[in-house]
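Trainee: Here you go, coords.pdb (PDB, C-alpha atoms):
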```pdb
ATOM      1  CA  MET T   1     -12.791  14.172  27.621
ATOM      2  CA  SER T   2     -14.677  14.746  24.471
ATOM      3  CA  THR T   3     -17.714  16.527  25.834
ATOM      4  CA  GLY T   4     -16.689  20.194  25.922
ATOM      5  CA  TRP T   5     -16.850  21.633  22.431
ATOM      6  CA  SER T   6     -17.173  25.292  23.450
ATOM      7  CA  PRO T   7     -13.485  26.126  22.764
ATOM      8  CA  TYR T   8     -13.746  24.558  19.301
ATOM      9  CA  ILE T   9     -16.959  26.463  18.561
ATOM     10  CA  LEU T  10     -15.515  29.758  19.801
ATOM     11  CA  ALA T  11     -12.377  29.217  17.704
ATOM     12  CA  GLU T  12     -14.509  28.816  14.575
ATOM     13  CA  GLN T  13     -17.124  31.431  15.468
ATOM     14  CA  PRO T  14     -15.481  34.105  17.673
ATOM     15  CA  ASP T  15     -18.454  36.438  17.228
ATOM     16  CA  ILE T  16     -20.873  34.297  19.273
ATOM     17  CA  SER T  17     -21.108  34.440  23.044
ATOM     18  CA  SER T  18     -19.682  31.764  25.291
ATOM     19  CA  THR T  19     -23.212  31.046  26.515
ATOM     20  CA  ASP T  20     -24.345  30.325  22.961
ATOM     21  CA  ALA T  21     -21.260  28.205  22.332
ATOM     22  CA  PHE T  22     -22.012  26.180  25.464
ATOM     23  CA  ALA T  23     -25.651  25.728  24.387
ATOM     24  CA  ILE T  24     -24.569  24.543  20.922
ATOM     25  CA  SER T  25     -22.000  22.217  22.508
ATOM     26  CA  LYS T  26     -24.644  20.741  24.793
ATOM     27  CA  GLU T  27     -27.028  20.272  21.876
ATOM     28  CA  MET T  28     -24.318  18.632  19.754
ATOM     29  CA  MET T  29     -23.749  16.006  22.452
ATOM     30  CA  MET T  30     -27.437  15.093  22.806
ATOM     31  CA  GLY T  31     -27.657  11.366  22.140
ATOM     32  CA  GLN T  32     -23.894  11.070  21.632
ATOM     33  CA  LYS T  33     -22.634  10.794  25.213
ATOM     34  CA  LEU T  34     -22.380   7.005  25.320
ATOM     35  CA  GLU T  35     -20.471   6.893  22.036
ATOM     36  CA  ALA T  36     -18.127   9.675  23.209
ATOM     37  CA  PHE T  37     -17.575   7.833  26.491
ATOM     38  CA  GLY T  38     -16.751   4.660  24.577
ATOM     39  CA  LEU T  39     -14.298   6.596  22.450
ATOM     40  CA  ASP T  40     -12.604   8.019  25.546
ATOM     41  CA  LEU T  41     -12.549   4.568  27.120
ATOM     42  CA  SER T  42     -10.790   3.179  24.063
ATOM     43  CA  PHE T  43      -7.706   5.185  25.070
ATOM     44  CA  LEU T  44      -7.416   3.404  28.423
ATOM     45  CA  GLY T  45      -4.761   1.022  27.103
ATOM     46  CA  TRP T  46      -2.691   3.922  25.835
ATOM     47  CA  TRP T  47      -2.789   5.589  29.240
ATOM     48  CA  ILE T  48      -1.878   2.370  31.045
ATOM     49  CA  GLY T  49       1.051   2.004  28.660
ATOM     50  CA  SER T  50       1.948   5.612  29.376
ATOM     51  CA  ALA T  51       2.130   4.850  33.085
ATOM     52  CA  PHE T  52       4.666   2.099  32.372
ATOM     53  CA  THR T  53       6.826   4.475  30.323
ATOM     54  CA  CYS T  54       6.777   7.269  32.933
ATOM     55  CA  GLY T  55       4.444   9.334  30.767
ATOM     56  CA  LEU T  56       6.564   9.330  27.623
ATOM     57  CA  LEU T  57       4.017   7.335  25.635
ATOM     58  CA  GLY T  58       1.351   9.809  26.705
ATOM     59  CA  ILE T  59       3.354  12.897  25.850
ATOM     60  CA  PHE T  60       4.631  11.779  22.470
ATOM     61  CA  TRP T  61       1.841   9.529  21.211
ATOM     62  CA  ALA T  62      -1.360   9.086  23.232
ATOM     63  CA  LEU T  63      -2.129  12.737  24.001
ATOM     64  CA  PRO T  64      -1.687  13.998  20.403
ATOM     65  CA  TYR T  65      -3.575  10.961  19.092
ATOM     66  CA  GLN T  66      -6.460  11.540  21.513
ATOM     67  CA  ALA T  67      -6.553  15.270  20.709
ATOM     68  CA  ALA T  68      -6.688  14.550  16.958
ATOM     69  CA  THR T  69      -9.416  11.959  17.515
ATOM     70  CA  ASN T  70     -11.451  14.432  19.563
ATOM     71  CA  ALA T  71     -11.021  17.070  16.844
ATOM     72  CA  GLU T  72     -12.354  14.600  14.261
ATOM     73  CA  LEU T  73     -15.283  13.766  16.530
ATOM     74  CA  TYR T  74     -16.011  17.468  16.890
ATOM     75  CA  GLY T  75     -15.946  17.871  13.100
ATOM     76  CA  ALA T  76     -18.406  15.024  12.623
ATOM     77  CA  LEU T  77     -20.737  16.314  15.343
ATOM     78  CA  ARG T  78     -20.492  19.858  13.952
ATOM     79  CA  ASP T  79     -21.414  18.666  10.465
ATOM     80  CA  ASP T  80     -24.401  16.743  11.849
ATOM     81  CA  TRP T  81     -25.504  19.756  13.887
ATOM     82  CA  ILE T  82     -25.242  22.075  10.877
ATOM     83  CA  ARG T  83     -27.130  19.601   8.675
ATOM     84  CA  ASN T  84     -29.934  19.396  11.272
ATOM     85  CA  HIS T  85     -30.109  23.180  11.604
ATOM     86  CA  SER T  86     -29.650  24.150   7.984
ATOM     87  CA  SER T  87     -31.703  27.258   7.455
ATOM     88  CA  GLY T  88     -29.214  29.020   5.237
ATOM     89  CA  GLU T  89     -27.312  30.397   8.216
ATOM     90  CA  SER T  90     -23.782  29.330   9.090
ATOM     91  CA  TRP T  91     -24.077  28.672  12.832
ATOM     92  CA  GLN T  92     -26.828  30.639  14.520
TER      93      GLN T  92
END
```
How does this structure look as structure tokens?

Mentor:
Amino acid sequence: MSTGWSPYILAEQPDISSTDAFAISKEMMMGQKLEAFGLDLSFLGWWIGSAFTCGLLGIFWALPYQAATNAELYGALRDDWIRNHSSGESWQ
């Protein structure tokens, strides 16, 4: 699922609290949930194919591909969030 960005935020900003990271994550997803759901749904074919290959397709291709896609989505949402909250500060 591509809706929990708190681990990504905490990895980039370890000095903020988990509560703040969750609040930022929630704010980043405002208005983006349908698009993120559609992105997750686009991997359905990969996971069906993985079922036919006893999980090998998922382990070696679909899971890394989905993780990289989610990381790119996080980067785009982070950049939008920073642009909307640009007051000279990095995150807070």

Trainee: Can you give me, as a ChimeraX atom specification, the residues this file yields under the PyMOL selection byres ((chain T and resi 5) around 8)?

Mentor: /T:2-4,6-9,21-22,25,74

Trainee: Just write the chosen residues, C-alpha atoms, as a short mmCIF file (atom, residue, chain, number, x, y, z; two decimals), keeping the file's coordinate frame.

Mentor:
```cif
data_model
loop_
_atom_site.label_atom_id
_atom_site.label_comp_id
_atom_site.auth_asym_id
_atom_site.auth_seq_id
_atom_site.Cartn_x
_atom_site.Cartn_y
_atom_site.Cartn_z
CA SER T 2 -14.68 14.75 24.47
CA THR T 3 -17.71 16.53 25.83
CA GLY T 4 -16.69 20.19 25.92
CA SER T 6 -17.17 25.29 23.45
CA PRO T 7 -13.48 26.13 22.76
CA TYR T 8 -13.75 24.56 19.30
CA ILE T 9 -16.96 26.46 18.56
CA ALA T 21 -21.26 28.20 22.33
CA PHE T 22 -22.01 26.18 25.46
CA SER T 25 -22.00 22.22 22.51
CA TYR T 74 -16.01 17.47 16.89
#
```

Trainee: Using only C-alpha atoms, which of T:Arg83, T:Arg78, T:Phe52, T:Gln66 sits nearest Lys26 of chain T?

Mentor: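 So, comparing all the options, the nearest one is T:Arg78.
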
Trainee: Is there a way to get, as a ChimeraX atom specification, all residues within 6 Å of the point (0.1, 4.1, 24.8) in file coordinates, counting all atoms listed in the file?

Mentor: /T:46-47,49-50,57,62

Trainee: Show me, as a list in words, the residues that have an atom within 9 Å of Leu77 of chain T when counting all atoms listed in the file, minus same-chain residues fewer than 3 positions from it.

Mentor: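 What passes the distance filter is Met28, Met29, Gln32, Glu72, Leu73, Tyr74, Asp80, Trp81 and Ile82 of chain T.
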
Trainee: Taking all atoms listed in the file into account, which of T:Ile16, T:Leu63, T:Ala76, T:Leu56 comes nearest Asp40 of chain T?

Mentor: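 Among T:Ile16, T:Leu63, T:Ala76, T:Leu56, it is T:Leu63 that comes nearest to Asp40 of chain T.
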
Trainee: Around segment 63-82 of chain T, with edges along x, y and z and 6 Å added on all six sides, what centre and edge lengths do you get, in Å to one decimal, as AutoDock Vina command-line options?

Mentor:
```
--center_x -13.6 --center_y 16.5 --center_z 17.2 --size_x 35.8 --size_y 23.1 --size_z 25.5
```

Trainee: Between atom CA of Trp61 of chain T and atom CA of Phe43 of chain T, what is the distance in Å, rounded to a tenth?

Mentor: 11.2 Å

Trainee: Could you work out how far atom CA of Lys33 of chain T lies from atom CA of Tyr65 of chain T, giving the answer in Å with one decimal?

Mentor: 20.0 Å

Trainee: Record the distance separating atom CA of Ser42 of chain T and atom CA of Asn84 of chain T, expressed in Å with one decimal.

Mentor: 28.2 Å

Trainee: Go through T:Asn70, T:Ile59, T:His85, T:Ser18 one by one, measure the shortest atom-to-atom distance of each to Phe37 of chain T using all atoms listed in the file, and give the residue with the smallest value.

Mentor: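 Closest residue, counting all atoms listed in the file: T:Asn70.
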
Trainee: So, counting only C-alpha atoms, which residue among T:Leu39, T:Leu34, T:Ile48, T:Cys54 is closest to Ala67 of chain T?

Mentor: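 Under the stated criterion, the closest residue is T:Leu39.
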